[in-house]
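Contents: one structure, followed by commentary.
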Amino acid sequence: NSNYYHCGEIMRDPFYQIHWDYKKCDKQRIFFSQGSKHLKGLHILIGAVKELVKKYEDAKIVVAGEDIYSYKNRKFGDKFYWRYLRKLIEKSGLAGKVIFLGVLDATTMAKEMAKSAVFVSASACENSPNSVCEAMLIGLPVIASDVGGVSDIITHKVDGLLYPFNSPYMLTHYIDCLFSSRDVAIGISQNAKVSIRKKCSPEIVVSEVISAYDNILSDKI
């Protein structure tokens with residue numbers, strides 16, 4: 001007999017203010033928000049880009065978060081996974097094509113996203129990832145593994161692209177789709193900005209929270 005109240009989430013201010021523009025972005029730049037933990041799946045994306053560089057010579061991955069080449073920050077990550085990533089990057093022929101930006105504040109993060117052609121979430125598990133919502137808010141086309149609550153945020157082939165986590169070849173395919181088609185990229189971008197602003201609108205979220213508390217209080221009274 002319990003009541004369930006749904007409330008959306010409010011993202012950080014810069015993601016409502018900075019906007020992605022297809023004409024201004026690097027058409028072969030992939031943004032990845034955090035690569036130091038194995039659950040986030042950077043190794044999956046590296047495997048996808050290994051195939052993509054055969055067609056797109058300038059393809060690159062830009063990673064926010066801890067730099068796996070920086071030994072002074074190693075205590076914050078899994079040193080064994082970092083070692084694996086470094087070897088994988090070399091083995092895949094992607095030296096110089098996987099760029100670590102370090103920890104970024106919200107404004108810098110939004111600006112780096114806006115420079116990119118696509119945002120990828122390759123996680124093995126997620127709840128409701130803020131990074132996906134943030135990318136959608138600025139209009140950066142998103143490709144995400146279909147895990148956890150991601151499908152509650154993205155409608156496949158409408159405002160983003162979803163691929164089965166155990167089918168990474170589909171990640172390669174969808175990145176290729178966005179790299180090669182201006183119309184697909186712009187269509188997904190426009191749809192994402194509309195749909196996510198309904199879910200993450202500060203006015204709507206505040207109203208939902210107040211309504212939930214009003215109902216909870218009235219139930220107790």
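Just remember, in the structure tokens the first chain shown is A, the second B, etc., residues are 1-based per chain, and ligands are 1-based in the order shown.
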
Please build the interface table for range 32-133 of chain A against range 141-146 of chain A with a cut-off of 7 Å, listing for each qualifying residue the nearest atom pair and the distance in Å to one decimal; count only C-alpha atoms, order rows by chain and increasing number, and write it as JSON lines.
{"residue": "A:Val118", "atom": "CA", "partner": "A:Pro141", "partner_atom": "CA", "distance": 5.1}
{"residue": "A:Phe119", "atom": "CA", "partner": "A:Val142", "partner_atom": "CA", "distance": 4.8}
{"residue": "A:Val120", "atom": "CA", "partner": "A:Ile143", "partner_atom": "CA", "distance": 4.9}
{"residue": "A:Ser121", "atom": "CA", "partner": "A:Ala144", "partner_atom": "CA", "distance": 4.5}
{"residue": "A:Ala122", "atom": "CA", "partner": "A:Ser145", "partner_atom": "CA", "distance": 5.2}
{"residue": "A:Ser123", "atom": "CA", "partner": "A:Ser145", "partner_atom": "CA", "distance": 6.2}

Restricting the output to N, CA and C atoms, write the selected residues as a CSV table (one decimal), in the first residue's frame.
chain,number,residue,atom,x,y,z
A,118,VAL,N,30.0,13.3,-30.7
A,118,VAL,CA,29.1,12.3,-30.1
A,118,VAL,C,29.5,12.1,-28.7
A,119,PHE,N,28.6,11.8,-27.8
A,119,PHE,CA,28.9,11.4,-26.4
A,119,PHE,C,28.6,9.9,-26.3
A,120,VAL,N,29.5,9.2,-25.7
A,120,VAL,CA,29.3,7.7,-25.5
A,120,VAL,C,29.3,7.4,-24.0
A,121,SER,N,28.2,6.6,-23.6
A,121,SER,CA,28.2,6.0,-22.3
A,121,SER,C,28.2,4.5,-22.6
A,122,ALA,N,29.3,3.8,-22.2
A,122,ALA,CA,29.5,2.4,-22.4
A,122,ALA,C,29.4,1.6,-21.2
A,123,SER,N,28.7,2.0,-20.2
A,123,SER,CA,28.7,1.4,-18.8
A,123,SER,C,28.1,0.0,-18.8

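By chain and then residue number, the residues within 12 Å of Ser128 in chain A are Gly8, Glu9, Met11, Ser121, Glu134, Ala144, Asp146, Val147, Gly148, Gly149, Val150, Ser151, Asp152, Ile153, Ile154, Lys199 and Cys200 of chain A, counting only C-alpha atoms and disregarding those fewer than 6 positions away in sequence.
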
Mind dumping a table of every range 156-218 of chain A residue within 12 Å of range 108-117 of chain A, with the nearest atom pair and its distance in Å to one decimal, using only C-alpha atoms, sorted by chain and rising number, as CSV?
residue,atom,partner,partner_atom,distance
A:Ile175,CA,A:Ala117,CA,9.2
A:Asp176,CA,A:Ala117,CA,11.0
A:Cys177,CA,A:Ala117,CA,11.2
A:Leu178,CA,A:Ala117,CA,7.7
A:Phe179,CA,A:Ala117,CA,7.2
A:Ser180,CA,A:Ala117,CA,10.6
A:Ser181,CA,A:Ala117,CA,11.0
A:Arg182,CA,A:Ala117,CA,10.1
A:Val184,CA,A:Ala117,CA,11.7
A:Ala185,CA,A:Ala117,CA,8.2
A:Ile186,CA,A:Ala117,CA,10.2
A:Ile188,CA,A:Ala117,CA,11.8
A:Ser189,CA,A:Ala117,CA,10.4

Separation of CA of Gly65 in chain A from CA of Arg29 in chain A, in Å and rounded to one decimal: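 A separation of 16.7 Å between them.
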
Near-Leu140 in chain A list (6 Å; only C-alpha atoms; drop same-chain fewer than 2 positions) as a list in words: Trp20, Ala135, Met136, Ile138 and Ser189 of chain A

Can those selected residues be exported to a file as an mmCIF file, in the first residue's frame so that it contains N, CA, C and O atoms?
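As written to disk, result-v7.cif reads:
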data_model
loop_
_atom_site.group_PDB
_atom_site.id
_atom_site.type_symbol
_atom_site.label_atom_id
_atom_site.label_comp_id
_atom_site.auth_asym_id
_atom_site.auth_seq_id
_atom_site.Cartn_x
_atom_site.Cartn_y
_atom_site.Cartn_z
ATOM 1 N N TRP A 20 25.253 22.741 -28.256
ATOM 2 C CA TRP A 20 26.022 22.068 -29.297
ATOM 3 C C TRP A 20 25.592 22.549 -30.672
ATOM 4 O O TRP A 20 24.408 22.758 -30.937
ATOM 5 N N ALA A 135 24.728 15.698 -21.494
ATOM 6 C CA ALA A 135 25.026 15.726 -22.926
ATOM 7 C C ALA A 135 23.777 16.037 -23.742
ATOM 8 O O ALA A 135 23.810 16.834 -24.687
ATOM 9 N N MET A 136 22.658 15.424 -23.383
ATOM 10 C CA MET A 136 21.407 15.670 -24.095
ATOM 11 C C MET A 136 20.943 17.108 -23.934
ATOM 12 O O MET A 136 20.400 17.708 -24.870
ATOM 13 N N ILE A 138 22.722 19.836 -23.721
ATOM 14 C CA ILE A 138 23.403 20.758 -24.627
ATOM 15 C C ILE A 138 23.161 20.385 -26.093
ATOM 16 O O ILE A 138 23.515 21.134 -26.994
ATOM 17 N N SER A 189 19.970 15.374 -32.000
ATOM 18 C CA SER A 189 20.284 16.515 -31.144
ATOM 19 C C SER A 189 19.037 17.335 -30.826
ATOM 20 O O SER A 189 18.761 17.663 -29.667
#

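Minimum distance to Ile46 in chain A across A:Ser218, A:Ser92, A:Asn3, A:Gln28 (counting only C-alpha atoms) occurs at A:Ser92.
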
Range 79-166 of chain A: residues DSSP assigns to alpha helix (DSSP H), reported as an NGL selection string: :A and (79-91 or 106-114 or 130-138 or 150-153)

Those selected residues, please, written with N, CA and C atoms and delivered as a compact mmCIF listing (two decimals), in the first residue's frame.
# COMPACT_ATOMS: atom_id res chain seq x y z
N LYS A 79 44.43 0.76 -10.32
CA LYS A 79 45.73 0.79 -11.01
C LYS A 79 45.87 -0.38 -11.99
N PHE A 80 45.22 -1.51 -11.69
CA PHE A 80 45.30 -2.65 -12.60
C PHE A 80 44.53 -2.37 -13.88
N TYR A 81 43.36 -1.73 -13.75
CA TYR A 81 42.57 -1.37 -14.92
C TYR A 81 43.29 -0.31 -15.74
N TRP A 82 43.91 0.64 -15.07
CA TRP A 82 44.65 1.68 -15.78
C TRP A 82 45.78 1.08 -16.59
N ARG A 83 46.47 0.12 -15.97
CA ARG A 83 47.57 -0.55 -16.68
C ARG A 83 47.03 -1.28 -17.91
N TYR A 84 45.89 -1.92 -17.75
CA TYR A 84 45.25 -2.63 -18.86
C TYR A 84 44.87 -1.65 -19.98
N LEU A 85 44.31 -0.50 -19.60
CA LEU A 85 43.91 0.50 -20.60
C LEU A 85 45.12 1.01 -21.39
N ARG A 86 46.21 1.28 -20.68
CA ARG A 86 47.40 1.79 -21.36
C ARG A 86 47.91 0.77 -22.39
N LYS A 87 47.92 -0.50 -22.01
CA LYS A 87 48.36 -1.55 -22.94
C LYS A 87 47.39 -1.69 -24.10
N LEU A 88 46.09 -1.59 -23.80
CA LEU A 88 45.07 -1.73 -24.84
C LEU A 88 45.16 -0.60 -25.86
N ILE A 89 45.40 0.61 -25.38
CA ILE A 89 45.53 1.77 -26.27
C ILE A 89 46.70 1.56 -27.23
N GLU A 90 47.82 1.11 -26.70
CA GLU A 90 49.00 0.87 -27.54
C GLU A 90 48.73 -0.27 -28.53
N LYS A 91 48.18 -1.36 -28.03
CA LYS A 91 47.93 -2.53 -28.87
C LYS A 91 46.94 -2.23 -29.98
N ALA A 106 32.06 22.08 -14.17
CA ALA A 106 30.86 21.94 -15.00
C ALA A 106 30.94 22.74 -16.29
N THR A 107 31.41 23.97 -16.21
CA THR A 107 31.48 24.82 -17.40
C THR A 107 32.45 24.26 -18.43
N THR A 108 33.63 23.86 -17.98
CA THR A 108 34.62 23.29 -18.89
C THR A 108 34.11 21.99 -19.50
N MET A 109 33.44 21.19 -18.68
CA MET A 109 32.88 19.92 -19.17
C MET A 109 31.88 20.18 -20.29
N ALA A 110 30.98 21.14 -20.09
CA ALA A 110 29.97 21.45 -21.10
C ALA A 110 30.62 21.96 -22.38
N LYS A 111 31.65 22.78 -22.26
CA LYS A 111 32.35 23.31 -23.43
C LYS A 111 33.07 22.20 -24.19
N GLU A 112 33.68 21.27 -23.47
CA GLU A 112 34.37 20.15 -24.12
C GLU A 112 33.36 19.24 -24.82
N MET A 113 32.21 19.04 -24.21
CA MET A 113 31.15 18.27 -24.87
C MET A 113 30.73 18.94 -26.17
N ALA A 114 30.57 20.25 -26.12
CA ALA A 114 30.10 21.00 -27.29
C ALA A 114 31.08 20.94 -28.46
N ASN A 130 23.75 11.10 -14.81
CA ASN A 130 23.71 12.55 -15.05
C ASN A 130 24.45 12.93 -16.31
N SER A 131 25.56 12.23 -16.60
CA SER A 131 26.36 12.60 -17.77
C SER A 131 25.56 12.48 -19.06
N VAL A 132 24.70 11.47 -19.15
CA VAL A 132 23.85 11.31 -20.34
C VAL A 132 22.86 12.47 -20.43
N CYS A 133 22.25 12.82 -19.31
CA CYS A 133 21.31 13.94 -19.29
C CYS A 133 22.00 15.25 -19.65
N GLU A 134 23.21 15.44 -19.14
CA GLU A 134 23.95 16.68 -19.41
C GLU A 134 24.28 16.80 -20.89
N ALA A 135 24.73 15.70 -21.49
CA ALA A 135 25.03 15.73 -22.93
C ALA A 135 23.78 16.04 -23.74
N MET A 136 22.66 15.42 -23.38
CA MET A 136 21.41 15.67 -24.09
C MET A 136 20.94 17.11 -23.93
N LEU A 137 21.16 17.69 -22.76
CA LEU A 137 20.73 19.07 -22.53
C LEU A 137 21.42 20.05 -23.47
N ILE A 138 22.72 19.84 -23.72
CA ILE A 138 23.40 20.76 -24.63
C ILE A 138 23.16 20.39 -26.09
N VAL A 150 18.84 3.75 -18.25
CA VAL A 150 19.17 4.57 -19.42
C VAL A 150 18.00 4.62 -20.42
N SER A 151 17.30 3.51 -20.57
CA SER A 151 16.18 3.50 -21.53
C SER A 151 15.00 4.32 -21.05
N ASP A 152 15.00 4.74 -19.77
CA ASP A 152 13.97 5.67 -19.30
C ASP A 152 14.31 7.10 -19.69
N ILE A 153 15.56 7.32 -20.08
CA ILE A 153 16.01 8.66 -20.49
C ILE A 153 15.98 8.79 -22.01

Minimum-distance residue to Asn191 in chain A, chosen among A:Gly102, A:Pro164, A:Pro129, A:Gly139 (using only C-alpha atoms):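 Looking only at the distances to Asn191 in chain A, the closest residue turns out to be A:Gly139.
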
DSSP strand (DSSP E) selection over range 111-221 of chain A, as a list of chain:residue names: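 The strand (DSSP E) subset of range 111-221 of chain A is A:Val118, A:Phe119, A:Val120, A:Ser121, A:Val142, A:Ile143, A:Ala144, A:Ser145, A:Leu161, A:Leu162, A:Tyr163.
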
Exercise: Ala48 in chain A partners within 9 Å, only C-alpha atoms, chain neighbours under 5 positions left out, as a PyMOL selection string: chain A and resi 43+168-173+175

Using N, CA and C atoms, can you write the selected residues to a file as a compact mmCIF listing (two decimals), in the first residue's frame?
# COMPACT_ATOMS: atom_id res chain seq x y z
N HIS A 43 37.22 0.58 -22.10
CA HIS A 43 37.85 -0.46 -22.93
C HIS A 43 36.93 -0.89 -24.08
N PRO A 168 29.05 -4.93 -28.55
CA PRO A 168 29.80 -3.70 -28.78
C PRO A 168 29.97 -3.34 -30.25
N TYR A 169 29.81 -4.31 -31.15
CA TYR A 169 29.90 -3.99 -32.58
C TYR A 169 28.81 -3.00 -32.99
N MET A 170 27.69 -3.00 -32.23
CA MET A 170 26.63 -2.03 -32.50
C MET A 170 27.05 -0.62 -32.11
N LEU A 171 27.91 -0.52 -31.11
CA LEU A 171 28.45 0.79 -30.74
C LEU A 171 29.27 1.34 -31.90
N THR A 172 30.10 0.52 -32.49
CA THR A 172 30.87 0.93 -33.67
C THR A 172 29.94 1.40 -34.78
N HIS A 173 28.91 0.63 -35.02
CA HIS A 173 27.95 0.96 -36.08
C HIS A 173 27.29 2.31 -35.85
N ILE A 175 28.27 4.86 -33.92
CA ILE A 175 29.21 5.98 -34.05
C ILE A 175 29.41 6.31 -35.52

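Proximity of A:Ile99, A:Ile68, A:Ile216, A:Val49 to Tyr174 in chain A, computed with only C-alpha atoms, is greatest for A:Val49.
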
Nearest to Gly47 in chain A by atom-to-atom distance, counting only C-alpha atoms, from A:Asn127, A:Ser2, A:Ser195, A:Ser167: A:Ser167

Which of A:Val205, A:Val158, A:Leu104, A:Ile44 sits closest to Lys193 in chain A [using only C-alpha atoms]: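 Closest to Lys193 in chain A of all the choices is A:Val158.
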